[in-house]
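Chemist: Quick one: this structure, given as structure tokens, is what I'll be asking you about.
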Amino acid sequence: MKKVLLFILALLLQTAVCSELYYTSSFALQYPPGIQNDSRLFIRFDLYDSDDILFKDSKIDIGIQNKLTPSYDYLGVRMNIEPIAVLDITFSAGVFAAFEALGFPFLELQGYDSDFDDAALDLLEPLNRTGTYAYLCQTAKMGFGKMVFMHSVTINYFNMGSRTKYFFERMSNAIMAQEDVNLENETYFLYKFNPSIMLGLQHYYLYIPDSKYISQRVSLTSIFTPQSGFAKGAYAVTILGGFLRDKYYDLYFAFLIGKEFQIGGDK
């Protein structure tokens, strides 16, 4: 996997001058507690030479992705395919390393039914652990006048050790087997006030098949995307709501900011 990542990075740098090379960086803050920086470097290939609204922005992005938090670092290859305006598919796979240096270590638990409130987690031995992580996400997008609908389904796969042992997975704030899968279902209903501002509702549903664990919430959402000047390509997302089902939390808040930069190419 490391050789594949190095090869893709070398290819991206080699083609920076003559290809559509992009870099995106985003920073997210949320409660339940979480901080993440997500960086991506990729080449973009246009699929069609068309002015049709369904096909003019169709593309393939291929590159590398890094997710860094105080708890873990993920580095993997990433491919996003948007064959038509109403659909895109993303796949990423790579190395996942959890570390204890900043106070949010890898934690082993006895089973799916273990407590994972702060007091219970403080009693566990802090560990460093390296494994693999992959995800597949499919997103459908539709617009009806000023109404926008988006629905995504994500499959997350972790392999951090034995299938018969368990750990506290900090992305989903839940217990998983050290080799396990969870499913995320996310839906947005938004109203587009103008090209830069959308407001609406988000529904989020987490399901871990082997444990039948569910976390579910509904939130108010705002999305701001400037359309001109240096801020073009930037975005800011605010989510505020509550859990319908969760073991420990009632309220949810998240704030995400990011920007896409083009490094090479003619556009």
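For the structure tokens, the naming scheme is as follows: chains receive sequential letters (A, B, ...) according to their order of presentation, residues are indexed from 1 within each chain, and ligands are indexed from 1 in presentation order.
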Would you mind listing what lies within 8 Å of Ile239 in chain A as JSON, numbers by chain, with only C-alpha atoms counted and same-chain residues fewer than 4 positions away left out?
Modeler: {"A": [202, 219, 220, 221, 222, 252, 253, 254, 255]}
Chemist: Can you write just those residues out, C-alpha atoms, as a short mmCIF file (atom, residue, chain, number, x, y, z; two decimals), in the first residue's frame?
Modeler:
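Resulting contents of result_21.cif:
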```cif
data_model
loop_
_atom_site.label_atom_id
_atom_site.label_comp_id
_atom_site.auth_asym_id
_atom_site.auth_seq_id
_atom_site.Cartn_x
_atom_site.Cartn_y
_atom_site.Cartn_z
CA GLN A 202 -30.10 16.84 7.38
CA SER A 219 -30.31 18.67 12.15
CA LEU A 220 -30.68 22.12 10.64
CA THR A 221 -28.02 22.75 7.99
CA SER A 222 -26.59 25.76 6.20
CA TYR A 252 -25.07 17.53 17.85
CA PHE A 253 -23.08 20.39 16.32
CA ALA A 254 -20.59 20.49 13.44
CA PHE A 255 -18.81 23.24 11.51
#
```
Chemist: Let me make sure I understand: among A:Met198, A:Leu244, A:Leu136, A:Leu123, which one has the smallest atom-to-atom distance to Arg78 in chain A if we use only C-alpha atoms?
Modeler: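 Under the stated criterion, the closest residue is A:Leu136.
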Chemist: Which neighbours of Gly103 in chain A fall inside 9 Å, counting only C-alpha atoms, when residues of the same chain fewer than 4 positions from it are skipped, and could you give them as a compact mmCIF listing (two decimals) with all heavy atoms, in the first residue's frame?
Modeler:
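The resulting file, result15.txt, is reproduced below:
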```txt
# COMPACT_ATOMS: atom_id res chain seq x y z
N PRO A 70 -6.57 14.44 16.27
CA PRO A 70 -5.74 14.17 17.45
C PRO A 70 -5.69 12.69 17.82
O PRO A 70 -4.87 12.30 18.65
CB PRO A 70 -6.44 14.98 18.55
CG PRO A 70 -7.18 16.05 17.84
CD PRO A 70 -7.64 15.42 16.57
N SER A 71 -6.54 11.87 17.20
CA SER A 71 -6.60 10.45 17.53
C SER A 71 -5.97 9.54 16.48
O SER A 71 -5.38 8.51 16.83
CB SER A 71 -8.06 10.02 17.73
OG SER A 71 -8.17 8.63 17.91
N PHE A 99 -2.99 6.72 17.44
CA PHE A 99 -1.83 6.98 18.30
C PHE A 99 -2.29 7.62 19.60
O PHE A 99 -3.35 8.26 19.67
CB PHE A 99 -0.82 7.89 17.59
CG PHE A 99 -1.43 9.05 16.85
CD1 PHE A 99 -1.78 10.22 17.52
CD2 PHE A 99 -1.67 8.98 15.49
CE1 PHE A 99 -2.35 11.28 16.85
CE2 PHE A 99 -2.24 10.05 14.80
CZ PHE A 99 -2.57 11.20 15.49
N PRO A 126 -4.16 2.89 27.13
CA PRO A 126 -3.96 3.59 25.85
C PRO A 126 -2.96 2.84 24.97
O PRO A 126 -1.91 2.40 25.44
CB PRO A 126 -3.42 4.96 26.28
CG PRO A 126 -2.77 4.71 27.60
CD PRO A 126 -3.55 3.62 28.26
```
Chemist: Name the residues of range 43-258 of chain A that come out as strand (DSSP E or B) in a backbone DSSP run; write them as a ChimeraX atom specification.
Modeler: /A:43-46,59-68,72-84,87-98,106,108-109,127,129-144,147-159,166-169,174-177,179-194,197-208,213-224,234-245,251-258
Chemist: Just give me the gap between CA of Val77 in chain A and CA of Ser39 in chain A in Å, one decimal is fine.
Modeler: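 Taking CA of Val77 in chain A as the start and CA of Ser39 in chain A as the end point, the length is 11.8 Å.
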Chemist: CA of Leu87 in chain A to CA of Arg40 in chain A: how many Å, to one decimal?
Modeler: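 According to the coordinates, CA of Leu87 in chain A and CA of Arg40 in chain A are separated by 20.3 Å.
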Chemist: Which one of A:Gln178, A:Gln30, A:Gln138, A:Thr132 sits closest to Asn80 in chain A if you count only C-alpha atoms?
Modeler: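 Among the listed residues, A:Gln138 lies closest to Asn80 in chain A.
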Chemist: Counting only C-alpha atoms, which of A:Ile60, A:Ala174, A:Ala234, A:Leu41 gets nearest to Gly76 in chain A?
Modeler: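 Of the candidates, the smallest distance to Gly76 in chain A is held by A:Leu41.
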Chemist: Quick one: residues within 10 Å of Ser172 in chain A, only C-alpha atoms counted, chain neighbours fewer than 3 positions away excluded, as a PDB file with C-alpha atoms, in the first residue's frame?
Modeler:
```pdb
ATOM      1  CA  PRO A  32     -19.652  14.974  20.227  1.00  0.00           C
ATOM      2  CA  ASN A 156     -16.804   1.942   6.083  1.00  0.00           C
ATOM      3  CA  PHE A 168     -13.782   2.264  20.278  1.00  0.00           C
ATOM      4  CA  GLU A 169     -14.137   3.722  16.789  1.00  0.00           C
ATOM      5  CA  ILE A 175     -17.871   0.172  19.359  1.00  0.00           C
ATOM      6  CA  MET A 176     -16.783  -2.039  16.466  1.00  0.00           C
ATOM      7  CA  ASN A 182     -20.508   0.076   9.482  1.00  0.00           C
ATOM      8  CA  LEU A 183     -23.042   1.844   7.272  1.00  0.00           C
ATOM      9  CA  GLU A 184     -23.837   5.573   7.131  1.00  0.00           C
ATOM     10  CA  LEU A 206     -25.421   5.046  11.488  1.00  0.00           C
ATOM     11  CA  TYR A 207     -25.833   1.265  11.593  1.00  0.00           C
ATOM     12  CA  ILE A 208     -23.332  -1.434  12.630  1.00  0.00           C
ATOM     13  CA  SER A 215     -27.223   6.248  16.049  1.00  0.00           C
TER      14      SER A 215
END
```
